[in-house]
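Source file: coords.cif; contents: mmCIF, C-alpha atoms and all ligand atoms.
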data_input
loop_
_atom_site.label_atom_id
_atom_site.label_comp_id
_atom_site.auth_asym_id
_atom_site.auth_seq_id
_atom_site.Cartn_x
_atom_site.Cartn_y
_atom_site.Cartn_z
CA MET P 815 200.52 62.68 68.09
CA LYS P 816 197.31 61.05 69.28
CA ILE P 817 195.89 58.58 66.76
CA VAL P 818 192.42 57.10 67.17
CA ILE P 819 191.30 54.13 65.05
CA ALA P 820 187.58 53.40 64.76
CA GLY P 821 187.01 49.62 64.56
CA ALA P 822 188.93 46.62 65.92
CA GLY P 823 188.43 44.46 62.83
CA ILE P 824 191.33 43.08 60.80
CA GLY P 825 191.98 46.49 59.18
CA GLY P 826 191.93 48.56 62.38
CA LEU P 827 194.09 46.15 64.36
CA VAL P 828 196.73 45.80 61.64
CA ALA P 829 196.75 49.60 61.24
CA ALA P 830 197.40 49.95 65.00
CA LEU P 831 200.26 47.43 64.87
CA SER P 832 201.79 49.09 61.77
CA LEU P 833 201.62 52.58 63.33
CA HIS P 834 203.26 51.23 66.47
CA ALA P 835 205.98 49.56 64.37
CA ALA P 836 206.57 52.95 62.69
CA GLY P 837 207.35 54.45 66.11
CA LEU P 838 204.00 56.07 66.97
CA ARG P 839 203.13 55.37 70.58
CA ASP P 840 199.81 57.14 71.28
CA VAL P 841 197.48 54.88 69.31
CA ARG P 842 194.05 53.86 70.60
CA VAL P 843 191.51 51.54 68.96
CA LEU P 844 187.79 52.09 69.62
CA GLU P 845 185.47 49.13 69.06
CA ALA P 846 181.66 49.30 69.06
CA VAL P 847 180.91 45.85 70.51
CA PRO P 848 181.15 45.42 74.31
CA ARG P 849 183.16 42.19 73.91
CA ILE P 850 185.22 41.04 70.92
CA ARG P 851 184.24 37.46 70.11
CA PRO P 852 185.59 35.23 67.30
CA PHE P 853 182.77 35.59 64.75
CA GLY P 854 182.84 34.69 61.08
CA ALA P 855 184.08 31.83 58.95
CA GLY P 856 187.10 31.51 56.66
CA VAL P 857 189.08 34.34 55.12
CA ASN P 858 191.86 34.06 52.57
CA VAL P 859 194.90 36.15 53.37
CA GLN P 860 196.58 36.76 50.02
CA PRO P 861 200.40 36.84 49.66
CA ASN P 862 200.58 40.66 49.57
CA ALA P 863 198.76 40.80 52.94
CA VAL P 864 200.95 37.99 54.35
CA ARG P 865 203.97 40.14 53.44
CA GLU P 866 202.59 42.88 55.74
CA LEU P 867 201.99 40.36 58.52
CA ALA P 868 205.54 39.04 58.07
CA GLY P 869 206.82 42.61 58.51
CA LEU P 870 204.95 42.71 61.83
CA GLY P 871 206.34 39.31 62.86
CA LEU P 872 202.89 37.69 62.77
CA ALA P 873 202.88 35.59 59.59
CA GLU P 874 204.01 32.43 61.37
CA SER P 875 201.28 32.58 64.01
CA VAL P 876 198.62 33.14 61.34
CA ALA P 877 200.05 30.23 59.31
CA ASP P 878 199.97 28.02 62.42
CA ALA P 879 196.32 28.95 63.05
CA GLY P 880 195.26 28.26 59.47
CA THR P 881 196.48 26.42 56.41
CA GLU P 882 198.64 27.29 53.41
CA LEU P 883 196.78 27.05 50.13
CA THR P 884 198.82 26.15 47.06
CA GLU P 885 196.17 25.82 44.35
CA LEU P 886 193.02 27.49 43.04
CA SER P 887 190.75 25.75 40.55
CA TYR P 888 187.49 26.71 38.85
CA HIS P 889 184.92 24.12 37.74
CA ASN P 890 181.49 24.15 36.19
CA HIS P 891 178.50 22.71 38.08
CA LEU P 892 179.35 19.22 36.73
CA GLY P 893 182.80 19.40 38.32
CA GLN P 894 184.60 19.73 34.98
CA ARG P 895 187.72 21.84 35.37
CA ILE P 896 187.80 25.21 33.59
CA TRP P 897 190.95 26.71 35.12
CA GLN P 898 193.64 25.80 37.61
CA GLU P 899 196.58 27.82 38.92
CA PRO P 900 199.24 27.58 41.64
CA ARG P 901 198.88 30.05 44.52
CA GLY P 902 201.27 31.70 46.98
CA ARG P 903 204.68 30.06 47.27
CA ALA P 904 203.64 27.39 44.78
CA SER P 905 203.54 30.19 42.19
CA GLU P 906 206.26 32.82 41.97
CA CYS P 907 205.39 34.61 45.22
CA ASP P 908 207.77 34.93 48.16
CA TRP P 909 204.85 34.71 50.59
CA PRO P 910 202.18 32.05 51.08
CA GLN P 911 198.42 32.38 50.68
CA LEU P 912 196.85 31.53 54.04
CA ALA P 913 193.30 30.39 54.78
CA VAL P 914 192.31 31.12 58.37
CA HIS P 915 189.18 31.52 60.46
CA ARG P 916 188.40 35.24 60.64
CA GLY P 917 187.62 35.10 64.37
CA VAL P 918 190.84 33.26 65.20
CA PHE P 919 192.82 35.73 63.05
CA GLN P 920 191.16 38.70 64.79
CA SER P 921 191.84 37.21 68.28
CA LEU P 922 195.49 36.79 67.40
CA LEU P 923 195.69 40.46 66.30
CA VAL P 924 193.85 41.63 69.45
CA ASP P 925 196.44 39.80 71.59
CA ALA P 926 199.31 41.35 69.61
CA VAL P 927 197.86 44.88 69.98
CA ARG P 928 197.37 44.49 73.75
CA ASP P 929 200.82 42.98 74.12
CA ARG P 930 202.68 45.66 72.11
CA LEU P 931 200.59 48.82 72.61
CA GLY P 932 199.39 48.10 76.14
CA PRO P 933 196.44 46.35 77.79
CA ASP P 934 194.23 49.46 77.40
CA ALA P 935 195.01 50.11 73.74
CA ILE P 936 191.62 48.73 72.67
CA THR P 937 188.49 50.24 74.19
CA THR P 938 185.34 48.17 73.65
CA ASP P 939 181.77 49.45 73.89
CA ALA P 940 182.87 52.67 72.20
CA ARG P 941 180.89 53.21 69.00
CA VAL P 942 182.12 56.14 66.92
CA THR P 943 179.04 58.03 65.74
CA GLY P 944 180.84 60.82 63.88
CA PHE P 945 183.49 63.47 64.27
CA THR P 946 183.87 67.24 64.20
CA PRO P 947 187.06 68.71 62.71
CA LEU P 948 188.52 71.41 64.96
CA ASP P 949 189.69 74.82 63.73
CA GLY P 950 193.09 74.54 65.38
CA GLY P 951 193.75 71.08 63.88
CA GLY P 952 192.76 67.61 64.91
CA THR P 953 189.25 66.41 65.41
CA GLU P 954 186.69 65.66 68.11
CA VAL P 955 185.53 62.05 67.94
CA LEU P 956 181.93 61.45 69.03
CA LEU P 957 181.15 58.22 70.92
CA ALA P 958 178.09 56.27 72.05
CA HIS P 959 178.13 53.48 74.67
CA ARG P 960 175.77 50.57 75.03
CA SER P 961 176.27 49.22 78.53
CA GLY P 962 174.96 50.76 81.73
CA ASP P 963 173.62 54.26 81.45
CA ARG P 964 176.86 55.81 80.27
CA PRO P 965 176.13 59.05 78.42
CA ASP P 966 177.57 59.79 74.99
CA SER P 967 181.13 61.04 75.18
CA ARG P 968 183.81 62.62 72.99
CA LEU P 969 187.57 62.59 72.77
CA HIS P 970 190.23 64.56 70.95
CA ALA P 971 192.42 63.01 68.25
CA ASP P 972 195.11 64.48 66.01
CA VAL P 973 194.34 61.76 63.47
CA LEU P 974 191.22 59.61 63.13
CA VAL P 975 191.43 56.40 61.07
CA GLY P 976 188.09 54.99 59.87
CA ALA P 977 188.32 51.16 59.95
CA ASP P 978 184.73 50.69 61.08
CA GLY P 979 183.54 48.29 58.41
CA LEU P 980 180.85 48.26 55.75
CA ARG P 981 178.55 50.79 57.44
CA SER P 982 181.36 53.07 58.53
CA ALA P 983 180.26 56.07 60.61
CA VAL P 984 183.54 57.83 59.74
CA ARG P 985 182.81 57.45 56.03
CA ARG P 986 179.18 58.54 56.53
CA THR P 987 180.41 61.74 58.19
CA LEU P 988 182.78 62.42 55.30
CA TYR P 989 180.30 61.49 52.54
CA PRO P 990 176.79 61.96 53.99
CA GLU P 991 175.18 61.94 50.52
CA GLU P 992 176.33 58.37 49.77
CA GLY P 993 173.64 56.59 51.81
CA GLU P 994 173.64 52.92 52.81
CA PRO P 995 175.64 50.31 50.86
CA ARG P 996 173.64 48.96 47.91
CA SER P 997 173.00 45.20 47.69
CA ASN P 998 173.32 43.36 44.36
CA GLY P 999 170.75 40.85 45.64
CA THR P 1000 173.17 37.92 46.01
CA THR P 1001 172.58 35.66 49.02
CA VAL P 1002 175.57 33.84 50.53
CA TRP P 1003 175.37 30.92 52.96
CA ARG P 1004 178.59 29.94 54.65
CA GLY P 1005 179.87 27.55 57.29
CA VAL P 1006 182.80 25.65 58.76
CA ASN P 1007 182.57 21.87 58.97
CA ARG P 1008 184.64 18.74 59.25
CA SER P 1009 185.23 16.78 56.08
CA THR P 1010 187.65 14.38 54.46
CA PRO P 1011 190.54 16.21 52.76
CA PHE P 1012 189.98 16.86 49.04
CA HIS P 1013 192.15 17.70 46.00
CA GLY P 1014 195.39 17.01 47.87
CA GLY P 1015 194.42 19.04 50.96
CA ARG P 1016 195.60 22.55 50.00
CA SER P 1017 193.19 23.57 47.25
CA MET P 1018 190.55 26.26 46.97
CA VAL P 1019 187.76 24.94 44.74
CA VAL P 1020 185.26 27.24 43.05
CA MET P 1021 182.29 25.60 41.26
CA GLY P 1022 179.25 26.81 39.40
CA ASP P 1023 178.29 29.78 37.24
CA GLY P 1024 176.63 33.18 37.40
CA ARG P 1025 173.53 31.68 39.04
CA TRP P 1026 174.80 29.38 41.80
CA LYS P 1027 178.37 29.19 43.03
CA ALA P 1028 180.21 27.22 45.72
CA VAL P 1029 183.63 28.04 47.19
CA VAL P 1030 185.30 25.42 49.40
CA TYR P 1031 188.74 25.34 51.01
CA PRO P 1032 190.44 23.78 54.06
CA LEU P 1033 190.92 25.95 57.14
CA ALA P 1034 193.16 23.67 59.13
CA GLY P 1035 195.35 21.32 57.14
CA ARG P 1036 196.15 18.85 59.93
CA PRO P 1037 193.64 15.97 59.94
CA ASP P 1038 192.15 14.98 63.32
CA ALA P 1039 192.15 11.43 64.72
CA ASP P 1040 189.31 10.50 62.34
CA GLY P 1041 191.23 11.83 59.34
CA LEU P 1042 188.92 14.86 58.99
CA VAL P 1043 189.97 18.48 58.40
CA LEU P 1044 188.07 21.71 59.03
CA VAL P 1045 186.67 23.07 55.80
CA ASN P 1046 185.18 26.46 54.98
CA TRP P 1047 182.30 26.54 52.51
CA ALA P 1048 180.31 29.37 51.01
CA VAL P 1049 177.40 29.00 48.58
CA SER P 1050 176.03 31.98 46.71
CA ARG P 1051 172.82 32.46 44.80
CA ALA P 1052 172.43 35.32 42.32
CA ALA P 1053 169.41 37.61 42.66
CA THR P 1054 168.02 36.18 39.40
CA GLN P 1055 167.57 32.74 41.05
CA ARG P 1056 165.52 33.99 43.95
CA ASP P 1057 161.80 33.53 44.26
CA PRO P 1058 160.62 37.14 43.75
CA GLY P 1059 158.19 36.76 46.69
CA GLN P 1060 160.95 35.67 49.08
CA ASP P 1061 162.45 38.21 51.44
CA PRO P 1062 166.11 37.08 51.70
CA ALA P 1063 166.34 38.39 55.28
CA GLN P 1064 163.54 35.98 56.30
CA GLU P 1065 164.93 32.94 54.52
CA PRO P 1066 165.70 30.00 56.86
CA PRO P 1067 169.35 28.90 57.09
CA PRO P 1068 170.18 25.57 55.41
CA GLY P 1069 169.76 22.65 57.80
CA ASP P 1070 171.45 19.37 56.99
CA GLY P 1071 171.79 20.08 53.31
CA PHE P 1072 173.00 22.85 51.03
CA PRO P 1073 170.43 25.26 49.67
CA GLY P 1074 168.97 24.80 46.21
CA ALA P 1075 170.83 23.59 43.19
CA VAL P 1076 174.25 22.82 44.62
CA SER P 1077 173.36 20.02 47.07
CA ASP P 1078 174.34 17.16 44.75
CA TRP P 1079 177.42 18.77 43.19
CA THR P 1080 180.63 16.75 43.14
CA CYS P 1081 184.11 17.67 41.99
CA GLY P 1082 186.60 14.80 42.00
CA ASP P 1083 186.87 13.62 45.62
CA LEU P 1084 184.93 16.68 46.89
CA ARG P 1085 181.23 16.00 47.52
CA LEU P 1086 179.29 19.06 48.60
CA ASP P 1087 176.56 17.05 50.33
CA ASP P 1088 179.24 15.76 52.76
CA LEU P 1089 179.86 19.23 54.15
CA PRO P 1090 176.90 20.78 56.01
CA GLY P 1091 176.04 19.39 59.40
CA GLY P 1092 179.55 18.03 59.99
CA GLY P 1093 180.15 20.10 63.13
CA GLY P 1094 183.03 22.57 62.80
CA ASP P 1095 184.10 23.67 66.25
CA LEU P 1096 186.28 26.73 66.63
CA ASP P 1097 188.29 25.29 69.50
CA ALA P 1098 189.91 22.85 67.13
CA LEU P 1099 191.42 25.83 65.29
CA ARG P 1100 193.18 27.37 68.26
C1 LIG L 1201 181.45 39.85 62.68
C2 LIG L 1201 182.12 39.79 61.32
C3 LIG L 1201 182.29 38.53 60.68
C4 LIG L 1201 182.91 38.47 59.43
N1 LIG L 1201 183.08 37.23 58.85
C5 LIG L 1201 183.73 37.12 57.67
C6 LIG L 1201 183.98 35.84 57.08
O1 LIG L 1201 183.61 34.82 57.63
N2 LIG L 1201 184.62 35.78 55.89
C7 LIG L 1201 185.05 36.92 55.25
O2 LIG L 1201 185.66 36.82 54.17
N3 LIG L 1201 184.83 38.15 55.78
C8 LIG L 1201 184.18 38.28 56.97
N4 LIG L 1201 183.95 39.52 57.52
C9 LIG L 1201 184.42 40.69 56.79
C10 LIG L 1201 185.92 40.83 56.88
O3 LIG L 1201 186.35 40.71 58.22
C11 LIG L 1201 186.29 42.21 56.36
O4 LIG L 1201 185.69 42.44 55.11
C12 LIG L 1201 187.77 42.39 56.15
O5 LIG L 1201 188.52 41.70 57.12
C13 LIG L 1201 188.09 43.85 56.23
O6 LIG L 1201 188.15 44.20 57.59
P1 LIG L 1201 187.76 45.59 58.20
O7 LIG L 1201 188.65 45.75 59.39
O8 LIG L 1201 187.81 46.66 57.16
O9 LIG L 1201 186.24 45.45 58.60
P2 LIG L 1201 185.50 44.48 59.60
O10 LIG L 1201 186.17 43.16 59.71
O11 LIG L 1201 184.08 44.53 59.19
O12 LIG L 1201 185.67 45.20 61.04
C14 LIG L 1201 185.05 46.42 61.39
C15 LIG L 1201 185.08 46.53 62.91
O13 LIG L 1201 184.61 47.81 63.27
C16 LIG L 1201 183.62 47.69 64.28
N5 LIG L 1201 182.71 48.82 64.10
C17 LIG L 1201 181.69 48.97 63.23
N6 LIG L 1201 181.14 50.18 63.33
C18 LIG L 1201 181.84 50.83 64.30
C19 LIG L 1201 181.75 52.15 64.84
N7 LIG L 1201 180.84 53.02 64.41
N8 LIG L 1201 182.62 52.48 65.84
C20 LIG L 1201 183.56 51.60 66.31
N9 LIG L 1201 183.67 50.34 65.81
C21 LIG L 1201 182.83 49.97 64.80
C22 LIG L 1201 182.96 46.33 64.02
O14 LIG L 1201 182.34 45.82 65.18
C23 LIG L 1201 184.18 45.50 63.60
O15 LIG L 1201 184.87 44.97 64.71
C24 LIG L 1201 183.34 39.66 58.78
C25 LIG L 1201 183.18 40.91 59.40
C26 LIG L 1201 182.58 40.99 60.67
C27 LIG L 1201 182.41 42.35 61.36
#
Any chance you could give the structure as structure tokens?
Amino acid sequence: MKIVIAGAGIGGLVAALSLHAAGLRDVRVLEAVPRIRPFGAGVNVQPNAVRELAGLGLAESVADAGTELTELSYHNHLGQRIWQEPRGRASECDWPQLAVHRGVFQSLLVDAVRDRLGPDAITTDARVTGFTPLDGGGTEVLLAHRSGDRPDSRLHADVLVGADGLRSAVRRTLYPEEGEPRSNGTTVWRGVNRSTPFHGGRSMVVMGDGRWKAVVYPLAGRPDADGLVLVNWAVSRAATQRDPGQDPAQEPPPGDGFPGAVSDWTCGDLRLDDLPGGGGDLDALR
């Protein structure tokens, strides 16, 4: 059985590894970008997802590339605690909660797919534009290519898995009336920077309210020679807080300080104004 997966993101790559582990051998992943590069910032891999990675023999490598979080706490904008709970193995779970850089996580999965399914299992520069179900079974997958003057192409699949992200072409073919994803108007700024460890070093801190919110957690628990760890931060602003004349797509990124209201927030030993501009380099995560 020939299985084609559209999209070499986290979902598509884990699907390929799981199908291979189930004994299916003809699995091919098609990725739109010509070269897979480690984009993004932090992602939290929850215990139920770590269980799947453990089944694939990959949980340890992901844990080594990231950090285990043991606590989640919510605070108001003054830093006063509203809620706190243990996470992962610190609660009653058998598996940890892992914070890891999305790009590093994806690279690790790409390596595992090429190692187990073969060096040609992932084809880049192959954007799925749609598919046509065939009368006799299976489907014809339609492809477009960016580099050179390669013409559009097509290939046969018995099964097509759509793992092609937010603007999925597979989904659009199935549900053409749905249209583009709708925005709720929230703007999120995010980054990875070096900072002193906070709240014991394994905590995810959420601060703010329905207008402004900050989420901060460590990405690599081991401090460097200066005692600093890599920290992921994300700041969100609800649509209600935006200047109505401002086009969010044209808004400049924050420079040395956080945007708007959150710049002077503190929460115990976590100071938000310490974070931006600290220089978070990806190499330190590898
Ligand atoms: C570049 C990037 C950076 C991200 N950064 C973060 C982050 O920092 N923090 C976070 O929490 N989440 C981030 N996300 C989202 C997060 O990775 C996903 O929400 C989550 O991992 C679910 O993964 P997914 O495989 O469903 O989708 P995605 O991770 O979005 O992967 C979809 C993949 O499909 C490819 N693709 C898209 N259209 C086609 C097509 N037509 N044909 C073939 N391939 C196609 C994309 O290039 C991508 O590689 C990011 C996603 C992307 C694409």
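Distances here use only C-alpha atoms and all ligand atoms; by that measure, the residue among P:Gly837, P:Gly893, P:Gly917, P:Pro933 closest to ligand LIG 1201 (chain L) is P:Gly917.
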(message) Taking all atoms listed in the file into account, which residues have an atom no farther than 9 Å from ligand LIG 1201 (chain L)? I'd like them as a ChimeraX atom specification.
(response) /P:819-828,843-847,850-858,915-917,920,938-944,957-958,976-984,1004-1005,1046
(request) Fewer than 2 positions away in the same chain doesn't count, so skip those; otherwise give me all residues within 12 Å of range 865-870 of chain P, counting only C-alpha atoms, as a PyMOL selection string. (result) chain P and resi 824-825+827-836+859-863+872-877+902-903+907-912+919+922-923+926-927+930
Range 925-930 of chain P, all listed atoms, 4 Å padding on each side: what axis-aligned box centre and edge lengths in Å to one decimal come out, as JSON?
{"center_x": 199.6, "center_y": 42.7, "center_z": 71.9, "size_x": 14.2, "size_y": 13.9, "size_z": 12.5}
(message) At a cut-off of 6 Å, using all atoms listed in the file, what residues contact range 879-885 of chain P? Leave out same-chain residues fewer than 2 positions from it and give the result as a PyMOL selection string.
(response) chain P and resi 876-877+899-901+904+911-914+1016-1017+1033-1035
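If you measure from each of P:Thr1001, P:Gly1024, P:Leu838, P:Asp966 to Asp1057 in chain P using only C-alpha atoms, the closest one turns out to be P:Thr1001.
Considering the residues P:Trp1003, P:Tyr888, P:Trp897, P:Trp1079 and counting only C-alpha atoms, Ala1063 in chain P has its shortest atom-to-atom contact with P:Trp1003.
CA of Val1006 in chain P sits 12.6 Å away from CA of Leu1086 in chain P.
Across the structure, CA of Val1020 in chain P and CA of Asp878 in chain P are spaced 24.3 Å apart.
With all atoms listed in the file as the basis for measurement, P:His1013 is the residue among P:Arg1051, P:His1013, P:Arg1036, P:His959 that approaches Gln898 in chain P most closely.
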(message) Rounded to one decimal, what separation in Å do you get between CA of Asn998 in chain P and CA of Gln1055 in chain P?
(response) 12.5 Å
(request) Counting only C-alpha atoms, select every polymer residue within 6 Å of (192.2, 58.9, 64.8) as defined in the file's coordinates, and provide the selection as a VMD selection string. (result) chain P and resid 817 to 819 971 973 to 975
(request) Could you tell me which of P:Ala1075, P:Ala1048, P:Leu1089, P:Met815 comes closest to Gly952 in chain P if we count only C-alpha atoms? (result) P:Met815
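With distances taken over all atoms listed in the file, P:Thr1080 is the one residue among P:Gln1064, P:Thr946, P:Thr1080, P:Thr1054 lying closest to Phe1012 in chain P.
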